[in-house]
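Everything below concerns the one structure shown next.
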Amino acid sequence: MSERSYPMESGVNLRSLRKTAPVEDAEPEIPADEPDDFAPTEADLAEARPALPPLSDLLPESQGHETDPAKWGFRGWVNAASGGLLKLAPQTPEITARAAREAVRQQWIGHQRIAVANPKGGEGVTPTALTMGNVFASERGSSVLVWDNNEAEGTLASRAIATRQEETVWDLLEHAEQLADPGADRAALSSFVRLQPTRAEVLAADEDPHGTGLIGAEQCRSIDAVLRRYRELTIIDTGNNRRRSNWLWSMYNAHLLVVPMTYREDSGRVVVRMLATLHEIGLSALVTNAIVVLTEPLGGVDPDVRSRIHDWLQRAGIRNLVEVPFDPILAGGGRIDHSKLSEPSIAAWTQVCAMAATSLAVSSQRRGRELRSRANPQSFRRPEERRPLDETGGEYADFDDPYAGGAEIRPFNTRRFGA
């Protein structure tokens, strides 16, 4: 190797040069990020829901769905052509769909929040939130809102059907105090949301590429104060940063967690880390009640990968797992027209919403009984509702926490729809 043809220069002390530089030539300092610490308030902690058994054990029984005349396919055509003289019974897919639609329309107590979360990008958080909003609105009517709770720019508005409305969460925040006032017009919220053909509404995130404001927990509380006054169900499209206070607020205030993911090992690892964090901060019941929605890629999935991901989720405390078919409209990145989804997709997502509605109905009713018992201790609990005592005289939790104490891991009762 030849010798250097130039002398090595000594190091430059940039810090000392900056000190001696003229003030007018100095670059402006970049301000430090504002603190975004999150500490749950008493109101946040009060939103916890009791742990439930697997949702497959709670889905309501069908009410005449097996005996009502068929309306689908050849059997439905025959029934219609006979003018009601023939009443051929429906086949299993129609019975299942009828039961699911009825379950979606279940009654629950109070305003409910579903948080859709997966910190790994590209796993279908936004399509899941929007599709669930469309299904709920289609079956329950209005009063269903999907909120893009990204701290900055989000993609929910770009996936929803376009409307003339351009308002975002920041416009709502400017008027939050007036909207939350008891004397405000009940229709006032419609000025800040984007109505979908299904009657679901979308509250868009910041869409200004030059914007500097970030949504935090305090902004979430102000937004929620408005939404819970006007709507009965909010589906929260969470961002990817689980360290941000708006993400943590969503977890503490969610009545149900829905986790969309694909059969990929990297996605599985991210989800398991998220679930572990929720256990660590005291939200084990949120994990126990959670619904994981798995999408199988077009090329299929290796059986070993499937088994490995199922095992990870079980050990993380997941009890409710649903597999839905791949749909190019949801995966394509364009606007999602709910009416153009395939029939298997709509059937599968209706089943997801049926499980979600069941969870919200059962947990809100139990929570309602707890609140009433605090107000009237004399009627604390009916005898048949009393739980067994442990050796110290204290009560067990409603159901065993599979994450604690090395509890036995039971096989999934996996639901597969639309395959």
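The way I read the labels, and the way they are meant: chains A, B, ... in the order of the structure tokens, residue 1 as the first residue of every chain, and ligand 1 as the first ligand shown, with later ones counted on from there.
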
Please identify every residue of segment 171-223 of chain A that has at least one atom no farther than 12 Å from an atom of segment 328-337 of chain A, counting only C-alpha atoms, and for each give the shortest atom pair and the distance in Å to one decimal, arranged by chain then increasing number, as a Markdown table.
```
| residue | atom | partner | partner_atom | distance |
| --- | --- | --- | --- | --- |
| A:Gln196 | CA | A:Asp337 | CA | 9.0 |
| A:Pro197 | CA | A:Asp337 | CA | 8.4 |
| A:Thr198 | CA | A:Asp337 | CA | 9.4 |
```

Compile the contact shell of Gln365 of chain A as a count of residues only: residues with an atom at most 7 Å away, counting only C-alpha atoms, same-chain residues fewer than 4 positions apart removed.
4

Segment 276-320 of chain A residues near segment 113-123 of chain A within 12 Å, closest pair each, using only C-alpha atoms, as JSON lines:
```
{"residue": "A:Thr277", "atom": "CA", "partner": "A:Pro119", "partner_atom": "CA", "distance": 11.9}
{"residue": "A:Leu278", "atom": "CA", "partner": "A:Ala117", "partner_atom": "CA", "distance": 11.8}
{"residue": "A:Leu286", "atom": "CA", "partner": "A:Ala115", "partner_atom": "CA", "distance": 10.2}
{"residue": "A:Val287", "atom": "CA", "partner": "A:Ala115", "partner_atom": "CA", "distance": 11.7}
{"residue": "A:Asn289", "atom": "CA", "partner": "A:Ile114", "partner_atom": "CA", "distance": 11.5}
{"residue": "A:Ala290", "atom": "CA", "partner": "A:Ala115", "partner_atom": "CA", "distance": 9.7}
{"residue": "A:Ile291", "atom": "CA", "partner": "A:Val116", "partner_atom": "CA", "distance": 9.6}
{"residue": "A:Val292", "atom": "CA", "partner": "A:Val116", "partner_atom": "CA", "distance": 9.8}
{"residue": "A:Val293", "atom": "CA", "partner": "A:Val116", "partner_atom": "CA", "distance": 10.2}
{"residue": "A:Leu294", "atom": "CA", "partner": "A:Glu123", "partner_atom": "CA", "distance": 9.6}
{"residue": "A:Thr295", "atom": "CA", "partner": "A:Glu123", "partner_atom": "CA", "distance": 9.1}
{"residue": "A:Glu296", "atom": "CA", "partner": "A:Glu123", "partner_atom": "CA", "distance": 11.5}
{"residue": "A:Pro297", "atom": "CA", "partner": "A:Glu123", "partner_atom": "CA", "distance": 11.4}
```

Filtered DSSP result for segment 176-323 of chain A, state strand (DSSP E), as a list in words:
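Put together, the selection reads Arg194, Leu195, Glu201, Val202, Leu203, Leu233, Thr234, Ile235, Ile236, Asp237, Thr238, Leu256, Leu257, Val258, Val259, Pro260, Met261, Thr262, Ile291, Val292, Val293, Leu294, Thr295, Asn320, Leu321, Val322 and Glu323 of chain A.
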
Deliver the residues from the most recent selection as a file, using N, CA and C atoms, as a PDB file, in the first residue's frame.
```pdb
ATOM      1  N   ARG A 194     -67.006  12.300   8.923  1.00  0.00           N
ATOM      2  CA  ARG A 194     -67.223  11.957   7.520  1.00  0.00           C
ATOM      3  C   ARG A 194     -68.136  10.732   7.436  1.00  0.00           C
ATOM      4  N   LEU A 195     -69.331  10.939   6.941  1.00  0.00           N
ATOM      5  CA  LEU A 195     -70.347   9.889   6.893  1.00  0.00           C
ATOM      6  C   LEU A 195     -70.052   8.912   5.762  1.00  0.00           C
ATOM      7  N   GLU A 201     -69.428   6.665  10.838  1.00  0.00           N
ATOM      8  CA  GLU A 201     -68.785   7.979  10.726  1.00  0.00           C
ATOM      9  C   GLU A 201     -67.296   7.851  11.009  1.00  0.00           C
ATOM     10  N   VAL A 202     -66.514   8.690  10.366  1.00  0.00           N
ATOM     11  CA  VAL A 202     -65.063   8.684  10.522  1.00  0.00           C
ATOM     12  C   VAL A 202     -64.614  10.026  11.070  1.00  0.00           C
ATOM     13  N   LEU A 203     -63.869   9.982  12.159  1.00  0.00           N
ATOM     14  CA  LEU A 203     -63.203  11.176  12.696  1.00  0.00           C
ATOM     15  C   LEU A 203     -61.749  11.102  12.266  1.00  0.00           C
ATOM     16  N   LEU A 233     -70.965   3.855  20.261  1.00  0.00           N
ATOM     17  CA  LEU A 233     -69.803   3.007  20.031  1.00  0.00           C
ATOM     18  C   LEU A 233     -68.722   3.797  19.319  1.00  0.00           C
ATOM     19  N   THR A 234     -67.517   3.783  19.894  1.00  0.00           N
ATOM     20  CA  THR A 234     -66.343   4.364  19.246  1.00  0.00           C
ATOM     21  C   THR A 234     -65.332   3.258  18.986  1.00  0.00           C
ATOM     22  N   ILE A 235     -64.904   3.129  17.750  1.00  0.00           N
ATOM     23  CA  ILE A 235     -63.854   2.178  17.387  1.00  0.00           C
ATOM     24  C   ILE A 235     -62.594   2.988  17.135  1.00  0.00           C
ATOM     25  N   ILE A 236     -61.551   2.721  17.908  1.00  0.00           N
ATOM     26  CA  ILE A 236     -60.346   3.543  17.899  1.00  0.00           C
ATOM     27  C   ILE A 236     -59.265   2.882  17.054  1.00  0.00           C
ATOM     28  N   ASP A 237     -58.880   3.560  15.991  1.00  0.00           N
ATOM     29  CA  ASP A 237     -57.758   3.154  15.153  1.00  0.00           C
ATOM     30  C   ASP A 237     -56.503   3.728  15.799  1.00  0.00           C
ATOM     31  N   THR A 238     -55.754   2.886  16.509  1.00  0.00           N
ATOM     32  CA  THR A 238     -54.589   3.371  17.238  1.00  0.00           C
ATOM     33  C   THR A 238     -53.387   3.492  16.314  1.00  0.00           C
ATOM     34  N   LEU A 256     -62.709  -3.158  24.931  1.00  0.00           N
ATOM     35  CA  LEU A 256     -62.349  -4.369  24.207  1.00  0.00           C
ATOM     36  C   LEU A 256     -61.155  -4.057  23.318  1.00  0.00           C
ATOM     37  N   LEU A 257     -60.233  -5.002  23.252  1.00  0.00           N
ATOM     38  CA  LEU A 257     -59.071  -4.892  22.379  1.00  0.00           C
ATOM     39  C   LEU A 257     -59.215  -5.871  21.226  1.00  0.00           C
ATOM     40  N   VAL A 258     -59.044  -5.377  20.003  1.00  0.00           N
ATOM     41  CA  VAL A 258     -59.022  -6.225  18.807  1.00  0.00           C
ATOM     42  C   VAL A 258     -57.643  -6.092  18.174  1.00  0.00           C
ATOM     43  N   VAL A 259     -57.001  -7.224  17.922  1.00  0.00           N
ATOM     44  CA  VAL A 259     -55.628  -7.226  17.399  1.00  0.00           C
ATOM     45  C   VAL A 259     -55.618  -7.893  16.025  1.00  0.00           C
ATOM     46  N   PRO A 260     -55.526  -7.124  14.943  1.00  0.00           N
ATOM     47  CA  PRO A 260     -55.389  -7.728  13.615  1.00  0.00           C
ATOM     48  C   PRO A 260     -53.933  -8.072  13.334  1.00  0.00           C
ATOM     49  N   MET A 261     -53.710  -9.188  12.682  1.00  0.00           N
ATOM     50  CA  MET A 261     -52.348  -9.559  12.323  1.00  0.00           C
ATOM     51  C   MET A 261     -52.390 -10.601  11.218  1.00  0.00           C
ATOM     52  N   THR A 262     -51.268 -10.720  10.520  1.00  0.00           N
ATOM     53  CA  THR A 262     -51.116 -11.746   9.504  1.00  0.00           C
ATOM     54  C   THR A 262     -50.276 -12.881  10.074  1.00  0.00           C
ATOM     55  N   ILE A 291     -59.695 -10.013  21.170  1.00  0.00           N
ATOM     56  CA  ILE A 291     -59.969 -10.833  19.990  1.00  0.00           C
ATOM     57  C   ILE A 291     -58.826 -10.622  19.003  1.00  0.00           C
ATOM     58  N   VAL A 292     -58.124 -11.686  18.661  1.00  0.00           N
ATOM     59  CA  VAL A 292     -57.079 -11.616  17.649  1.00  0.00           C
ATOM     60  C   VAL A 292     -57.676 -12.061  16.315  1.00  0.00           C
ATOM     61  N   VAL A 293     -57.534 -11.213  15.306  1.00  0.00           N
ATOM     62  CA  VAL A 293     -58.077 -11.492  13.974  1.00  0.00           C
ATOM     63  C   VAL A 293     -56.900 -11.782  13.045  1.00  0.00           C
ATOM     64  N   LEU A 294     -56.783 -13.020  12.624  1.00  0.00           N
ATOM     65  CA  LEU A 294     -55.661 -13.456  11.800  1.00  0.00           C
ATOM     66  C   LEU A 294     -56.083 -13.598  10.344  1.00  0.00           C
ATOM     67  N   THR A 295     -55.260 -13.050   9.458  1.00  0.00           N
ATOM     68  CA  THR A 295     -55.499 -13.170   8.022  1.00  0.00           C
ATOM     69  C   THR A 295     -54.437 -14.069   7.419  1.00  0.00           C
ATOM     70  N   ASN A 320     -59.359 -15.722  22.471  1.00  0.00           N
ATOM     71  CA  ASN A 320     -60.309 -15.585  21.368  1.00  0.00           C
ATOM     72  C   ASN A 320     -59.562 -15.286  20.076  1.00  0.00           C
ATOM     73  N   LEU A 321     -59.647 -16.214  19.136  1.00  0.00           N
ATOM     74  CA  LEU A 321     -58.920 -16.069  17.882  1.00  0.00           C
ATOM     75  C   LEU A 321     -59.867 -16.358  16.725  1.00  0.00           C
ATOM     76  N   VAL A 322     -59.845 -15.500  15.716  1.00  0.00           N
ATOM     77  CA  VAL A 322     -60.682 -15.665  14.530  1.00  0.00           C
ATOM     78  C   VAL A 322     -59.791 -15.568  13.298  1.00  0.00           C
ATOM     79  N   GLU A 323     -60.025 -16.427  12.336  1.00  0.00           N
ATOM     80  CA  GLU A 323     -59.320 -16.342  11.066  1.00  0.00           C
ATOM     81  C   GLU A 323     -60.282 -15.832  10.002  1.00  0.00           C
TER      82      GLU A 323
END
```

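Within 6 Å of segment 153-163 of chain A, once only C-alpha atoms are used and residues closer than 3 positions along the same chain are dropped, the contacting residues are A:Thr126, A:Asp148, A:Asn150, A:Ala204, A:Ala205, A:Asp206, A:Glu207, A:Gly334, A:Arg335, A:Ile336.
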
Using only C-alpha atoms, find the one residue out of A:Arg221, A:His338, A:Arg229, A:Arg164 that sits nearest to Leu248 of chain A.
A:Arg221

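One finds atom CA of Asn246 of chain A at 23.5 Å from atom CA of Ser191 of chain A.
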
I need the residues in segment 64-268 of chain A that are helix (DSSP H, G or I) according to DSSP; give them as JSON, numbers by chain.
{"A": [73, 74, 75, 76, 77, 78, 79, 80, 81, 92, 93, 94, 95, 96, 97, 98, 99, 100, 101, 102, 103, 104, 125, 126, 127, 128, 129, 130, 131, 132, 133, 134, 135, 136, 137, 138, 139, 140, 156, 157, 158, 159, 169, 170, 171, 172, 173, 174, 176, 177, 178, 179, 180, 188, 189, 190, 191, 192, 217, 218, 219, 220, 221, 222, 223, 224, 225, 226, 227, 228, 229, 230, 245, 246, 247, 248, 249, 250, 251, 252, 253, 265, 266, 267, 268]}

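Using only C-alpha atoms, the contacts of segment 340-348 of chain A at a cut-off of 7 Å, with sequence neighbours closer than 2 positions omitted, comprise A:Ala97, A:Val324, A:Pro325, A:Asp327, A:Ile329, A:Asp337, A:His338, A:Thr350, A:Gln351, A:Val352, A:Phe417, A:Gly418.
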
May I ask which of the residues A:Ser245, A:Ala46, A:Glu139, A:Gln165 is the closest one to Gln106 of chain A, counting only C-alpha atoms?
A:Glu139

Name the closest residue to Arg231 of chain A among the candidates A:Arg244, A:Arg366, A:Arg98, A:His111; distances are taken between atoms, counting only C-alpha atoms.
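Answer, going by the shortest atom-to-atom distance: A:His111.
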
Set the distance at 9 Å and use only C-alpha atoms: which residues neighbour Gly110 of chain A once local chain neighbours fewer than 6 positions away are removed? I'd like the list as a tab-separated table (two decimals) with C-alpha atoms, in the first residue's frame.
```tsv
chain	number	residue	atom	x	y	z
A	228	ARG	CA	-69.32	9.48	24.48
A	232	GLU	CA	-72.85	4.69	21.58
A	233	LEU	CA	-69.80	3.01	20.03
A	364	SER	CA	-70.87	-3.89	30.49
A	368	GLY	CA	-73.16	-2.17	35.65
```

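Candidate residues A:Cys353, A:Val271, A:Ala217, A:Ile318 were compared for distance to Tyr252 of chain A, and the nearest is A:Ala217, using only C-alpha atoms.
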